[in-house]
Each structure stands twice: as structure tokens, then as C-alpha cells.
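Q: Got model-v9.pdb for you, PDB, C-alpha atoms and all ligand atoms:
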```pdb
ATOM      1  CA  MET C   1      11.246  -4.628 -13.370  1.00  0.00           C
ATOM      2  CA  LEU C   2      12.396  -2.639 -10.362  1.00  0.00           C
ATOM      3  CA  LEU C   3      13.584   0.926 -10.889  1.00  0.00           C
ATOM      4  CA  HIS C   4      16.304   0.279  -8.305  1.00  0.00           C
ATOM      5  CA  ASP C   5      17.625  -2.654 -10.328  1.00  0.00           C
ATOM      6  CA  CYS C   6      17.788  -0.754 -13.644  1.00  0.00           C
ATOM      7  CA  THR C   7      20.449   1.475 -15.152  1.00  0.00           C
ATOM      8  CA  TRP C   8      19.437   4.886 -16.510  1.00  0.00           C
ATOM      9  CA  ALA C   9      19.797   3.490 -20.013  1.00  0.00           C
ATOM     10  CA  GLU C  10      17.351   0.692 -19.201  1.00  0.00           C
ATOM     11  CA  VAL C  11      14.879   3.253 -17.855  1.00  0.00           C
ATOM     12  CA  ALA C  12      15.236   5.235 -21.078  1.00  0.00           C
ATOM     13  CA  ALA C  13      14.579   2.096 -23.123  1.00  0.00           C
ATOM     14  CA  TYR C  14      11.488   1.299 -21.013  1.00  0.00           C
ATOM     15  CA  LEU C  15      10.147   4.822 -21.548  1.00  0.00           C
ATOM     16  CA  SER C  16      10.383   4.383 -25.296  1.00  0.00           C
ATOM     17  CA  THR C  17       7.770   1.623 -25.025  1.00  0.00           C
ATOM     18  CA  GLY C  18       5.558   2.683 -22.076  1.00  0.00           C
ATOM     19  CA  LYS C  19       4.779   5.529 -19.691  1.00  0.00           C
ATOM     20  CA  GLY C  20       3.381   3.590 -16.723  1.00  0.00           C
ATOM     21  CA  ILE C  21       4.946   2.954 -13.338  1.00  0.00           C
ATOM     22  CA  ILE C  22       3.755   1.132 -10.227  1.00  0.00           C
ATOM     23  CA  MET C  23       4.406   2.845  -6.898  1.00  0.00           C
ATOM     24  CA  PRO C  24       4.102   0.739  -3.700  1.00  0.00           C
ATOM     25  CA  ILE C  25       3.110   2.705  -0.590  1.00  0.00           C
ATOM     26  CA  GLY C  26       2.878   1.237   2.900  1.00  0.00           C
ATOM     27  CA  SER C  27       3.178   2.223   6.521  1.00  0.00           C
ATOM     28  CA  THR C  28       5.399   1.519   9.517  1.00  0.00           C
ATOM     29  CA  GLU C  29       3.078   0.945  12.476  1.00  0.00           C
ATOM     30  CA  GLN C  30       2.059  -1.567  15.097  1.00  0.00           C
ATOM     31  CA  HIS C  31       0.000  -4.530  13.865  1.00  0.00           C
ATOM     32  CA  GLY C  32      -1.067  -6.241  17.053  1.00  0.00           C
ATOM     33  CA  PRO C  33       0.604  -9.051  19.032  1.00  0.00           C
ATOM     34  CA  ASN C  34       1.874 -11.145  16.079  1.00  0.00           C
ATOM     35  CA  GLY C  35       1.853  -8.574  13.260  1.00  0.00           C
ATOM     36  CA  LEU C  36       5.084  -6.941  12.126  1.00  0.00           C
ATOM     37  CA  VAL C  37       5.580  -3.179  12.366  1.00  0.00           C
ATOM     38  CA  GLY C  38       6.409  -3.293   8.660  1.00  0.00           C
ATOM     39  CA  THR C  39       3.222  -5.189   7.695  1.00  0.00           C
ATOM     40  CA  ASP C  40       1.664  -2.566   5.422  1.00  0.00           C
ATOM     41  CA  ALA C  41       4.908  -1.786   3.596  1.00  0.00           C
ATOM     42  CA  ILE C  42       5.765  -5.489   3.213  1.00  0.00           C
ATOM     43  CA  CYS C  43       2.293  -6.296   1.817  1.00  0.00           C
ATOM     44  CA  ALA C  44       2.167  -3.352  -0.597  1.00  0.00           C
ATOM     45  CA  GLU C  45       5.669  -4.098  -1.861  1.00  0.00           C
ATOM     46  CA  ALA C  46       5.033  -7.828  -2.349  1.00  0.00           C
ATOM     47  CA  VAL C  47       1.819  -7.208  -4.284  1.00  0.00           C
ATOM     48  CA  ALA C  48       3.358  -4.385  -6.343  1.00  0.00           C
ATOM     49  CA  HIS C  49       6.373  -6.523  -7.281  1.00  0.00           C
ATOM     50  CA  ALA C  50       4.124  -9.431  -8.266  1.00  0.00           C
ATOM     51  CA  VAL C  51       1.990  -7.128 -10.411  1.00  0.00           C
ATOM     52  CA  GLY C  52       5.093  -5.649 -12.013  1.00  0.00           C
ATOM     53  CA  ASP C  53       6.318  -9.146 -12.891  1.00  0.00           C
ATOM     54  CA  ALA C  54       2.921 -10.143 -14.287  1.00  0.00           C
ATOM     55  CA  VAL C  55       2.534  -7.149 -16.569  1.00  0.00           C
ATOM     56  CA  GLY C  56       6.162  -6.233 -17.303  1.00  0.00           C
ATOM     57  CA  ALA C  57       5.819  -2.815 -15.659  1.00  0.00           C
ATOM     58  CA  MET C  58       8.421  -0.685 -13.949  1.00  0.00           C
ATOM     59  CA  VAL C  59       8.024  -0.629 -10.145  1.00  0.00           C
ATOM     60  CA  GLY C  60       9.293   2.404  -8.233  1.00  0.00           C
ATOM     61  CA  PRO C  61      10.809   2.448  -4.743  1.00  0.00           C
ATOM     62  CA  THR C  62       8.443   1.512  -1.915  1.00  0.00           C
ATOM     63  CA  ILE C  63       7.283   4.404   0.247  1.00  0.00           C
ATOM     64  CA  PRO C  64       7.737   2.660   3.628  1.00  0.00           C
ATOM     65  CA  VAL C  65       6.305   5.206   6.082  1.00  0.00           C
ATOM     66  CA  GLY C  66       2.796   6.611   5.716  1.00  0.00           C
ATOM     67  CA  MET C  67       0.180   8.514   7.690  1.00  0.00           C
ATOM     68  CA  ALA C  68      -0.186   6.535  10.920  1.00  0.00           C
ATOM     69  CA  VAL C  69      -0.549   9.154  13.660  1.00  0.00           C
ATOM     70  CA  HIS C  70      -3.342   7.092  15.298  1.00  0.00           C
ATOM     71  CA  HIS C  71      -0.840   4.247  15.998  1.00  0.00           C
ATOM     72  CA  MET C  72       1.716   6.369  17.815  1.00  0.00           C
ATOM     73  CA  GLU C  73       0.866   5.053  21.317  1.00  0.00           C
ATOM     74  CA  PHE C  74       2.560   1.765  20.309  1.00  0.00           C
ATOM     75  CA  PRO C  75       6.368   1.508  20.213  1.00  0.00           C
ATOM     76  CA  GLY C  76       7.939   1.305  16.775  1.00  0.00           C
ATOM     77  CA  SER C  77       5.165   3.127  14.963  1.00  0.00           C
ATOM     78  CA  MET C  78       6.293   5.972  12.712  1.00  0.00           C
ATOM     79  CA  THR C  79       4.188   8.571  10.935  1.00  0.00           C
ATOM     80  CA  LEU C  80       4.420  11.304   8.385  1.00  0.00           C
ATOM     81  CA  ARG C  81       2.108  14.254   8.824  1.00  0.00           C
ATOM     82  CA  PRO C  82      -0.436  14.353   5.990  1.00  0.00           C
ATOM     83  CA  SER C  83       1.299  17.467   4.649  1.00  0.00           C
ATOM     84  CA  THR C  84       4.683  15.669   4.625  1.00  0.00           C
ATOM     85  CA  LEU C  85       3.281  12.611   2.843  1.00  0.00           C
ATOM     86  CA  LEU C  86       1.545  14.848   0.325  1.00  0.00           C
ATOM     87  CA  ALA C  87       4.801  16.707  -0.381  1.00  0.00           C
ATOM     88  CA  LEU C  88       6.724  13.424  -0.682  1.00  0.00           C
ATOM     89  CA  ILE C  89       4.304  11.977  -3.253  1.00  0.00           C
ATOM     90  CA  HIS C  90       4.304  15.302  -5.122  1.00  0.00           C
ATOM     91  CA  ASP C  91       8.108  15.265  -5.387  1.00  0.00           C
ATOM     92  CA  TYR C  92       8.386  11.536  -6.263  1.00  0.00           C
ATOM     93  CA  VAL C  93       5.815  11.824  -9.040  1.00  0.00           C
ATOM     94  CA  LEU C  94       7.104  15.058 -10.558  1.00  0.00           C
ATOM     95  CA  SER C  95      10.672  13.676 -10.555  1.00  0.00           C
ATOM     96  CA  LEU C  96       9.513  10.693 -12.593  1.00  0.00           C
ATOM     97  CA  ALA C  97       7.268  12.861 -14.797  1.00  0.00           C
ATOM     98  CA  GLU C  98      10.330  14.919 -15.821  1.00  0.00           C
ATOM     99  CA  HIS C  99      11.667  11.796 -17.510  1.00  0.00           C
ATOM    100  CA  GLY C 100       8.413  10.998 -19.274  1.00  0.00           C
ATOM    101  CA  PHE C 101       6.431   8.762 -16.915  1.00  0.00           C
ATOM    102  CA  GLU C 102       2.758   9.741 -17.236  1.00  0.00           C
ATOM    103  CA  ARG C 103       0.637   7.016 -15.605  1.00  0.00           C
ATOM    104  CA  PHE C 104       1.213   6.416 -11.906  1.00  0.00           C
ATOM    105  CA  PHE C 105      -0.420   3.383 -10.328  1.00  0.00           C
ATOM    106  CA  PHE C 106      -0.132   3.304  -6.528  1.00  0.00           C
ATOM    107  CA  VAL C 107      -0.464  -0.056  -4.750  1.00  0.00           C
ATOM    108  CA  ASN C 108      -1.419   0.797  -1.190  1.00  0.00           C
ATOM    109  CA  GLY C 109      -1.080  -1.208   2.015  1.00  0.00           C
ATOM    110  CA  HIS C 110      -2.631   1.149   4.568  1.00  0.00           C
ATOM    111  CA  GLY C 111      -6.117   2.657   4.856  1.00  0.00           C
ATOM    112  CA  GLY C 112      -4.765   5.716   6.654  1.00  0.00           C
ATOM    113  CA  ASN C 113      -2.896   6.760   3.485  1.00  0.00           C
ATOM    114  CA  ILE C 114      -5.911   6.937   1.179  1.00  0.00           C
ATOM    115  CA  ALA C 115      -7.169  10.468   1.827  1.00  0.00           C
ATOM    116  CA  THR C 116      -3.701  11.984   1.612  1.00  0.00           C
ATOM    117  CA  VAL C 117      -2.686  10.054  -1.519  1.00  0.00           C
ATOM    118  CA  ARG C 118      -5.844  11.227  -3.276  1.00  0.00           C
ATOM    119  CA  ALA C 119      -5.200  14.809  -2.149  1.00  0.00           C
ATOM    120  CA  ALA C 120      -1.652  14.516  -3.526  1.00  0.00           C
ATOM    121  CA  PHE C 121      -3.007  13.529  -6.951  1.00  0.00           C
ATOM    122  CA  TYR C 122      -4.991  16.786  -7.116  1.00  0.00           C
ATOM    123  CA  GLU C 123      -2.044  18.781  -5.810  1.00  0.00           C
ATOM    124  CA  ILE C 124       0.080  17.363  -8.649  1.00  0.00           C
ATOM    125  CA  HIS C 125      -2.585  18.097 -11.268  1.00  0.00           C
ATOM    126  CA  ALA C 126      -2.667  21.704 -10.048  1.00  0.00           C
ATOM    127  CA  GLU C 127       1.132  21.989 -10.038  1.00  0.00           C
ATOM    128  CA  ASN C 128       1.424  20.394 -13.484  1.00  0.00           C
ATOM    129  CA  ARG C 129      -0.955  22.967 -14.960  1.00  0.00           C
ATOM    130  CA  ALA C 130       0.739  25.827 -13.126  1.00  0.00           C
ATOM    131  CA  ARG C 131       4.139  24.770 -14.513  1.00  0.00           C
ATOM    132  CA  HIS C 132       3.186  23.904 -18.080  1.00  0.00           C
ATOM    133  CA  GLY C 133      -0.201  25.488 -18.820  1.00  0.00           C
ATOM    134  CA  LYS C 134      -1.851  24.090 -21.928  1.00  0.00           C
ATOM    135  CA  ASP C 135       1.282  22.109 -22.814  1.00  0.00           C
ATOM    136  CA  ALA C 136       1.164  20.159 -19.543  1.00  0.00           C
ATOM    137  CA  PRO C 137       1.825  16.414 -19.946  1.00  0.00           C
ATOM    138  CA  GLU C 138      -1.324  14.407 -19.303  1.00  0.00           C
ATOM    139  CA  LEU C 139      -0.551  12.781 -15.958  1.00  0.00           C
ATOM    140  CA  ARG C 140      -2.916  10.132 -14.649  1.00  0.00           C
ATOM    141  CA  PHE C 141      -3.194   8.432 -11.288  1.00  0.00           C
ATOM    142  CA  ALA C 142      -4.765   5.321  -9.846  1.00  0.00           C
ATOM    143  CA  LEU C 143      -4.823   3.883  -6.333  1.00  0.00           C
ATOM    144  CA  ALA C 144      -5.446   0.198  -5.585  1.00  0.00           C
ATOM    145  CA  ASN C 145      -5.700  -1.117  -2.016  1.00  0.00           C
ATOM    146  CA  TRP C 146      -4.247  -4.634  -2.090  1.00  0.00           C
ATOM    147  CA  TRP C 147      -6.852  -6.051   0.340  1.00  0.00           C
ATOM    148  CA  GLU C 148      -9.869  -5.016  -1.746  1.00  0.00           C
ATOM    149  CA  GLY C 149     -11.355  -6.940  -4.627  1.00  0.00           C
ATOM    150  CA  ASP C 150     -13.710  -9.895  -4.838  1.00  0.00           C
ATOM    151  CA  ALA C 151     -11.130 -12.678  -4.942  1.00  0.00           C
ATOM    152  CA  VAL C 152      -9.272 -11.469  -1.847  1.00  0.00           C
ATOM    153  CA  GLY C 153     -12.588 -11.012  -0.011  1.00  0.00           C
ATOM    154  CA  ARG C 154     -13.656 -14.558  -0.873  1.00  0.00           C
ATOM    155  CA  LEU C 155     -10.401 -16.010   0.468  1.00  0.00           C
ATOM    156  CA  SER C 156     -10.635 -13.926   3.645  1.00  0.00           C
ATOM    157  CA  ARG C 157     -14.173 -15.187   4.302  1.00  0.00           C
ATOM    158  CA  GLU C 158     -13.057 -18.756   3.624  1.00  0.00           C
ATOM    159  CA  PHE C 159      -9.981 -18.630   5.886  1.00  0.00           C
ATOM    160  CA  TYR C 160     -11.225 -16.262   8.632  1.00  0.00           C
ATOM    161  CA  PRO C 161     -15.040 -16.162   8.633  1.00  0.00           C
ATOM    162  CA  GLY C 162     -16.257 -13.195  10.685  1.00  0.00           C
ATOM    163  CA  VAL C 163     -12.847 -12.444  12.229  1.00  0.00           C
ATOM    164  CA  GLU C 164     -10.991 -10.509   9.524  1.00  0.00           C
ATOM    165  CA  GLY C 165     -11.559  -7.288  11.480  1.00  0.00           C
ATOM    166  CA  SER C 166     -10.185  -3.956  10.314  1.00  0.00           C
ATOM    167  CA  HIS C 167      -6.695  -3.660  11.791  1.00  0.00           C
ATOM    168  CA  ALA C 168      -3.972  -6.266  12.312  1.00  0.00           C
ATOM    169  CA  THR C 169      -6.090  -8.557  10.165  1.00  0.00           C
ATOM    170  CA  PRO C 170      -5.278 -12.243   9.695  1.00  0.00           C
ATOM    171  CA  SER C 171      -5.042 -11.624   5.925  1.00  0.00           C
ATOM    172  CA  GLU C 172      -2.275  -9.055   6.164  1.00  0.00           C
ATOM    173  CA  VAL C 173      -0.438 -11.044   8.843  1.00  0.00           C
ATOM    174  CA  ALA C 174      -0.652 -14.154   6.640  1.00  0.00           C
ATOM    175  CA  LEU C 175       0.732 -12.269   3.651  1.00  0.00           C
ATOM    176  CA  THR C 176       3.759 -11.128   5.685  1.00  0.00           C
ATOM    177  CA  GLN C 177       4.233 -14.703   6.971  1.00  0.00           C
ATOM    178  CA  HIS C 178       4.489 -15.884   3.362  1.00  0.00           C
ATOM    179  CA  VAL C 179       6.924 -13.133   2.353  1.00  0.00           C
ATOM    180  CA  ARG C 180       8.993 -13.051   5.573  1.00  0.00           C
ATOM    181  CA  PRO C 181       8.882 -16.621   6.996  1.00  0.00           C
ATOM    182  CA  HIS C 182      11.891 -15.911   9.222  1.00  0.00           C
ATOM    183  CA  ALA C 183       9.795 -13.344  11.144  1.00  0.00           C
ATOM    184  CA  ILE C 184       6.697 -15.441  11.951  1.00  0.00           C
ATOM    185  CA  LYS C 185       5.646 -14.920  15.597  1.00  0.00           C
ATOM    186  CA  ALA C 186       3.732 -17.353  17.796  1.00  0.00           C
ATOM    187  CA  VAL C 187       1.896 -15.241  20.375  1.00  0.00           C
ATOM    188  CA  ALA C 188      -1.093 -16.149  22.576  1.00  0.00           C
ATOM    189  CA  MET C 189      -3.940 -13.616  22.312  1.00  0.00           C
ATOM    190  CA  SER C 190      -6.784 -12.865  24.688  1.00  0.00           C
ATOM    191  CA  PRO C 191      -9.567 -12.416  23.826  1.00  0.00           C
ATOM    192  CA  ALA C 192      -9.243 -14.504  20.658  1.00  0.00           C
ATOM    193  CA  VAL C 193     -11.182 -11.901  18.670  1.00  0.00           C
ATOM    194  CA  ALA C 194     -10.382  -8.255  19.398  1.00  0.00           C
ATOM    195  CA  PRO C 195     -13.160  -5.705  20.011  1.00  0.00           C
ATOM    196  CA  ALA C 196     -14.424  -3.861  16.931  1.00  0.00           C
ATOM    197  CA  GLY C 197     -15.321  -0.215  16.513  1.00  0.00           C
ATOM    198  CA  GLY C 198     -13.918   3.243  15.830  1.00  0.00           C
ATOM    199  CA  PHE C 199     -11.485   5.547  17.617  1.00  0.00           C
ATOM    200  CA  HIS C 200     -10.560   9.203  17.881  1.00  0.00           C
ATOM    201  CA  ASP C 201      -6.839   9.681  18.357  1.00  0.00           C
ATOM    202  CA  ALA C 202      -3.754   7.659  19.267  1.00  0.00           C
ATOM    203  CA  ARG C 203      -4.489   7.586  23.015  1.00  0.00           C
ATOM    204  CA  ASP C 204      -8.114   6.613  22.422  1.00  0.00           C
ATOM    205  CA  PHE C 205      -6.973   3.865  20.027  1.00  0.00           C
ATOM    206  CA  ARG C 206      -4.724   2.297  22.669  1.00  0.00           C
ATOM    207  CA  ARG C 207      -7.436   2.608  25.352  1.00  0.00           C
ATOM    208  CA  ARG C 208     -10.023   0.815  23.210  1.00  0.00           C
ATOM    209  CA  TYR C 209      -7.668  -1.703  21.563  1.00  0.00           C
ATOM    210  CA  PRO C 210      -4.918  -2.361  24.112  1.00  0.00           C
ATOM    211  CA  ASP C 211      -3.064  -5.005  22.058  1.00  0.00           C
ATOM    212  CA  GLY C 212      -3.433  -3.068  18.796  1.00  0.00           C
ATOM    213  CA  ARG C 213      -5.977  -5.266  16.977  1.00  0.00           C
ATOM    214  CA  ILE C 214      -9.427  -4.128  15.841  1.00  0.00           C
ATOM    215  CA  GLY C 215     -12.067  -6.835  15.378  1.00  0.00           C
ATOM    216  CA  SER C 216      -9.572  -9.455  14.190  1.00  0.00           C
ATOM    217  CA  ASN C 217      -8.134 -12.839  15.094  1.00  0.00           C
ATOM    218  CA  PRO C 218      -4.695 -12.827  13.465  1.00  0.00           C
ATOM    219  CA  ALA C 219      -3.679 -15.999  15.361  1.00  0.00           C
ATOM    220  CA  LEU C 220      -5.440 -17.812  12.484  1.00  0.00           C
ATOM    221  CA  ALA C 221      -2.957 -16.454   9.921  1.00  0.00           C
ATOM    222  CA  ARG C 222      -0.917 -19.056   8.004  1.00  0.00           C
ATOM    223  CA  PRO C 223       1.817 -18.494   5.437  1.00  0.00           C
ATOM    224  CA  GLU C 224       0.032 -20.721   2.906  1.00  0.00           C
ATOM    225  CA  HIS C 225      -3.025 -18.421   3.195  1.00  0.00           C
ATOM    226  CA  GLY C 226      -0.726 -15.477   2.581  1.00  0.00           C
ATOM    227  CA  LYS C 227       0.565 -17.040  -0.633  1.00  0.00           C
ATOM    228  CA  ARG C 228      -2.962 -17.402  -1.991  1.00  0.00           C
ATOM    229  CA  LEU C 229      -3.991 -13.907  -0.873  1.00  0.00           C
ATOM    230  CA  LEU C 230      -0.918 -12.449  -2.572  1.00  0.00           C
ATOM    231  CA  GLU C 231      -1.642 -14.314  -5.809  1.00  0.00           C
ATOM    232  CA  ALA C 232      -5.322 -13.296  -5.786  1.00  0.00           C
ATOM    233  CA  SER C 233      -4.557  -9.652  -5.087  1.00  0.00           C
ATOM    234  CA  ALA C 234      -1.787  -9.450  -7.690  1.00  0.00           C
ATOM    235  CA  ALA C 235      -3.941 -11.070 -10.385  1.00  0.00           C
ATOM    236  CA  ALA C 236      -6.811  -8.622  -9.803  1.00  0.00           C
ATOM    237  CA  ILE C 237      -4.566  -5.570  -9.611  1.00  0.00           C
ATOM    238  CA  ALA C 238      -2.630  -6.644 -12.726  1.00  0.00           C
ATOM    239  CA  GLU C 239      -5.928  -6.473 -14.649  1.00  0.00           C
ATOM    240  CA  GLN C 240      -6.595  -2.988 -13.233  1.00  0.00           C
ATOM    241  CA  TYR C 241      -3.089  -1.887 -14.213  1.00  0.00           C
ATOM    242  CA  ARG C 242      -3.467  -3.147 -17.793  1.00  0.00           C
ATOM    243  CA  SER C 243      -6.703  -1.180 -18.222  1.00  0.00           C
ATOM    244  CA  PHE C 244      -5.175   1.902 -16.631  1.00  0.00           C
ATOM    245  CA  VAL C 245      -2.177   2.071 -18.956  1.00  0.00           C
ATOM    246  CA  THR C 246      -4.038   1.175 -22.127  1.00  0.00           C
ATOM    247  CA  GLU C 247      -7.166   3.343 -21.764  1.00  0.00           C
ATOM    248  CA  SER C 248      -7.156   6.369 -24.025  1.00  0.00           C
TER
HETATM  249 NI    NI G 301      -2.185  -2.915   8.020  1.00  0.00          NI
END
```
Starting from the coordinates I provided, produce the structure as C-alpha cells.

A:
Amino acid sequence: MLLHDCTWAEVAAYLSTGKGIIMPIGSTEQHGPNGLVGTDAICAEAVAHAVGDAVGAMVGPTIPVGMAVHHMEFPGSMTLRPSTLLALIHDYVLSLAEHGFERFFFVNGHGGNIATVRAAFYEIHAENRARHGKDAPELRFALANWWEGDAVGRLSREFYPGVEGSHATPSEVALTQHVRPHAIKAVAMSPAVAPAGGFHDARDFRRRYPDGRIGSNPALARPEHGKRLLEASAAAIAEQYRSFVTES
């Protein structure tokens, strides 16, 4: 059930039976030679929508741009400053909390968002207490990264042994190939497996990883892998969501 596809009356009816909402959050940033700039937003949205369908939960609008300052040496990348992203999450959540939503389950597509999303949860707790004192509604938050979990890890090791890497991974490229088959790219890559390691800032990232990949071979991505990765991720996260909204 997508918030965007509901009327206000349908939202009111939903709130009479549950207080949970799923919030997809992605990023708009380079993903190597064959990965789409929208990869992280596309993956988070696809998994969040599948989870929403599986559990009958409301799914909020996808946050399409995240904290990606380290990708800014590549054309098309966009970033929010951490402070902007924090303020955006604060305002999204407190808008929904005004109507009675209390349990916010973020499905995340981008590692660079994690620290800021967690900081935003504490910022909201502080603001909620400041506004309402002892009568504050009991807001709760969870964050699930779609690529984590045992089942997704097993598939990744089966499909891409030793070459999943940490950015522009074959798993995330495969998931976008399944969801957006019209945008599949065939691109030769050299070397086949990108160098692995860390980085400091955007310029250092581009110097170390000139085509945008870290440790990965996304040429191995296939849409049929993406279908299975999506199903595995959604099944695991649906279980997490059920526990989150039913725990006392
Ligand atoms: Ni990504």
C-alpha cells in the first residue's frame, strides 16, 4: 500500500488498524561502468514495495537523494549534506507522526546514509520529548540495509564468489536490471575486478577507483539474479518488519 496511491480517508482507515510505515531511502550517485546513477534508490524502493506488499504495510515516498559527497567527482552524482538529510528525515517523520504513525521502518539502499539516518532518529527522539514532554507519543525506528542478511549473502556468494566488492556491486546492479530491464547496459570493464580498499574524499575516490567500482565485477550481474536477490531481501526484511511493529 503506497502512501502516494491512497486518499486521506484510506490513510485514516489504515491508522485505525496499525501505526507502522515503511520508508525507502536511497541515493543518486555513480555506480560504475554499467550501474545506474539511481541504483541505490531503485533497489531500496523495490525492496520496500515488496515488503509492503508482503506484510500489508503502508510505504511512504522514497527519499531518492542521500549522503553521497564521496561520489561527487563522477557526473550525475547528487548529495545532501548530512545536516540536510538529517533535517529532511526529521521533517518527514514528524509530519507522519502528527497523524498517528509511531513505528518507522527505513529500508536503506546506501551505506553512506547509515550514520546520518541513525543520528536523525536521536534528533527526533529529542524533539519529540521537547515538544510533548511526558505525553510524547512513543516513536520507534528501525533501519534495514537491503543487501544485508544471510539469504542475500548466500546468493551473492553463489552468483559472484569473491567479486561482490563494496561499491557498484554485481548484486545491486542485478537488482536494478530486474526492476528496470529497459536500462540494462552492456559495457566492457578492465580490469574485470576493480581494486578494493578505502578512500578519503571525492577526489581520492576517483583517483583510486577511476571507473567508480570498488572490489567488484558487476559485469557478472544478470536480471534473473536480481529477481532472486530482491525476493530474498524482501522475505528477510518482511520478518524484521513484523517483529518491529508487533513488539511491545
Ligand atoms: Ni549502491

Q: Counting only C-alpha atoms and all ligand atoms, which residue out of C:Ala188, C:Ala236, C:Leu36, C:Ala13 sits closest to ligand NI 301 (chain G)?

A: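 Comparing C:Ala188, C:Ala236, C:Leu36, C:Ala13 against ligand NI 301 (chain G), the winner is C:Leu36.
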
Q: Give one line per residue of chain C that approaches ligand NI 301 (chain G) to at most 7 Å, naming the two atoms of the closest pair and their distance in Å to one decimal, counting only C-alpha atoms and all ligand atoms; sort by chain then ascending residue number and deliver it as a Markdown table.

A:
```
| residue | atom | partner | partner_atom | distance |
| --- | --- | --- | --- | --- |
| C:His31 | CA | G:NI301 | NI | 6.4 |
| C:Thr39 | CA | G:NI301 | NI | 5.9 |
| C:Asp40 | CA | G:NI301 | NI | 4.7 |
| C:Gly109 | CA | G:NI301 | NI | 6.3 |
| C:His110 | CA | G:NI301 | NI | 5.4 |
| C:His167 | CA | G:NI301 | NI | 5.9 |
| C:Ala168 | CA | G:NI301 | NI | 5.7 |
| C:Glu172 | CA | G:NI301 | NI | 6.4 |
```

Q: Set the distance at 7 Å and use only C-alpha atoms: which residues neighbour Ala142 in chain C once local chain neighbours fewer than 3 positions away are removed? I'd like the list as a list in words.

A: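 What passes the distance filter is Phe104, Phe105 and Phe106 of chain C.
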
Q: Carefully work through the PyMOL selection byres (((chain C and resi 216) around 8) and not hetatm) for this structure and note down the residues it includes, as a VMD selection string.

A: chain C and resid 163 to 170 193 to 196 213 to 215 217 to 218

Q: Taking 2 positions as the minimum chain separation for residues in the same chain, which residues sit within 10 Å of range 83-100 of chain C when counting only C-alpha atoms? Answer as a PyMOL selection string.

A: chain C and resi 11-12+15-16+18-21+23+25+60-61+63+65-67+79-81+102-104+113+115-125+127-128+137-139+141

Q: Can you measure CA of Gly212 in chain C to CA of Val47 in chain C for me? One decimal in Å is fine.

A: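 We find that CA of Gly212 in chain C and CA of Val47 in chain C lie 24.0 Å from each other.
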
Q: Return the single residue from C:Ala46, C:Val245, C:Leu220, C:Arg157 that is closest to Thr17 in chain C, with distances computed using all atoms listed in the file.

A: C:Val245

Q: I'd like the contact shell of Ala68 in chain C - 8 Å cut-off, all atoms listed in the file, skipping same-chain residues fewer than 4 positions apart - returned as number ranges by chain.

A: C: 27-29, 72, 77-80, 112-113

Q: Keeping C-alpha atoms for every residue in the selection just given, could you write it to a file as a PDB file, in the frame of the given file?

A:
```
ATOM      1  CA  SER C  27       3.178   2.223   6.521  1.00  0.00           C
ATOM      2  CA  THR C  28       5.399   1.519   9.517  1.00  0.00           C
ATOM      3  CA  GLU C  29       3.078   0.945  12.476  1.00  0.00           C
ATOM      4  CA  MET C  72       1.716   6.369  17.815  1.00  0.00           C
ATOM      5  CA  SER C  77       5.165   3.127  14.963  1.00  0.00           C
ATOM      6  CA  MET C  78       6.293   5.972  12.712  1.00  0.00           C
ATOM      7  CA  THR C  79       4.188   8.571  10.935  1.00  0.00           C
ATOM      8  CA  LEU C  80       4.420  11.304   8.385  1.00  0.00           C
ATOM      9  CA  GLY C 112      -4.765   5.716   6.654  1.00  0.00           C
ATOM     10  CA  ASN C 113      -2.896   6.760   3.485  1.00  0.00           C
TER      11      ASN C 113
END
```

Q: Name the residues that the PyMOL selection byres (((chain C and resi 51) around 12) and not hetatm) pulls out of this structure, and write them as a ChimeraX atom specification.

A: /C:1-2,21-24,44-50,52-59,105-107,144,146,230-242

Q: Between CA of Trp147 in chain C and CA of Val37 in chain C, what is the distance, to one decimal in Å?

A: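 Those two atoms sit 17.5 Å apart.
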
Q: Taking the file as I've supplied it (selection: the PyMOL selection byres (((chain C and resi 187) around 12) and not hetatm)), which residues are included? Please answer as a VMD selection string.

A: chain C and resid 32 to 35 184 to 186 188 to 190 192 211 217 to 221

Q: Could those residues be written to a file, using C-alpha atoms, as an mmCIF file, in the frame of the given file?

A:
```
data_model
loop_
_atom_site.group_PDB
_atom_site.id
_atom_site.type_symbol
_atom_site.label_atom_id
_atom_site.label_comp_id
_atom_site.auth_asym_id
_atom_site.auth_seq_id
_atom_site.Cartn_x
_atom_site.Cartn_y
_atom_site.Cartn_z
ATOM 1 C CA GLY C 32 -1.067 -6.241 17.053
ATOM 2 C CA PRO C 33 0.604 -9.051 19.032
ATOM 3 C CA ASN C 34 1.874 -11.145 16.079
ATOM 4 C CA GLY C 35 1.853 -8.574 13.260
ATOM 5 C CA ILE C 184 6.697 -15.441 11.951
ATOM 6 C CA LYS C 185 5.646 -14.920 15.597
ATOM 7 C CA ALA C 186 3.732 -17.353 17.796
ATOM 8 C CA ALA C 188 -1.093 -16.149 22.576
ATOM 9 C CA MET C 189 -3.940 -13.616 22.312
ATOM 10 C CA SER C 190 -6.784 -12.865 24.688
ATOM 11 C CA ALA C 192 -9.243 -14.504 20.658
ATOM 12 C CA ASP C 211 -3.064 -5.005 22.058
ATOM 13 C CA ASN C 217 -8.134 -12.839 15.094
ATOM 14 C CA PRO C 218 -4.695 -12.827 13.465
ATOM 15 C CA ALA C 219 -3.679 -15.999 15.361
ATOM 16 C CA LEU C 220 -5.440 -17.812 12.484
ATOM 17 C CA ALA C 221 -2.957 -16.454 9.921
#
```

Q: Could you state the separation of CA of His178 in chain C and CA of Asn145 in chain C in Å, given to one decimal place?

A: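 Straight-line distance from CA of His178 in chain C to CA of Asn145 in chain C works out to 18.7 Å.
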
Q: Residues at most 10 Å from Asp201 in chain C, counting all atoms listed in the file, excluding those fewer than 6 positions away in the same chain, as a list in words?

A: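 Near neighbours after the sequence-gap exclusion: Val69, His70, His71, Met72, Glu73 and Arg207 of chain C.
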
Q: Compare C:Val152, C:Ile114, C:Leu229, C:Leu3 by their minimum atom-to-atom distance to Val179 in chain C, counting only C-alpha atoms, and give me the closest one.

A: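 Ranking C:Val152, C:Ile114, C:Leu229, C:Leu3 by distance to Val179 in chain C, first place goes to C:Leu229.
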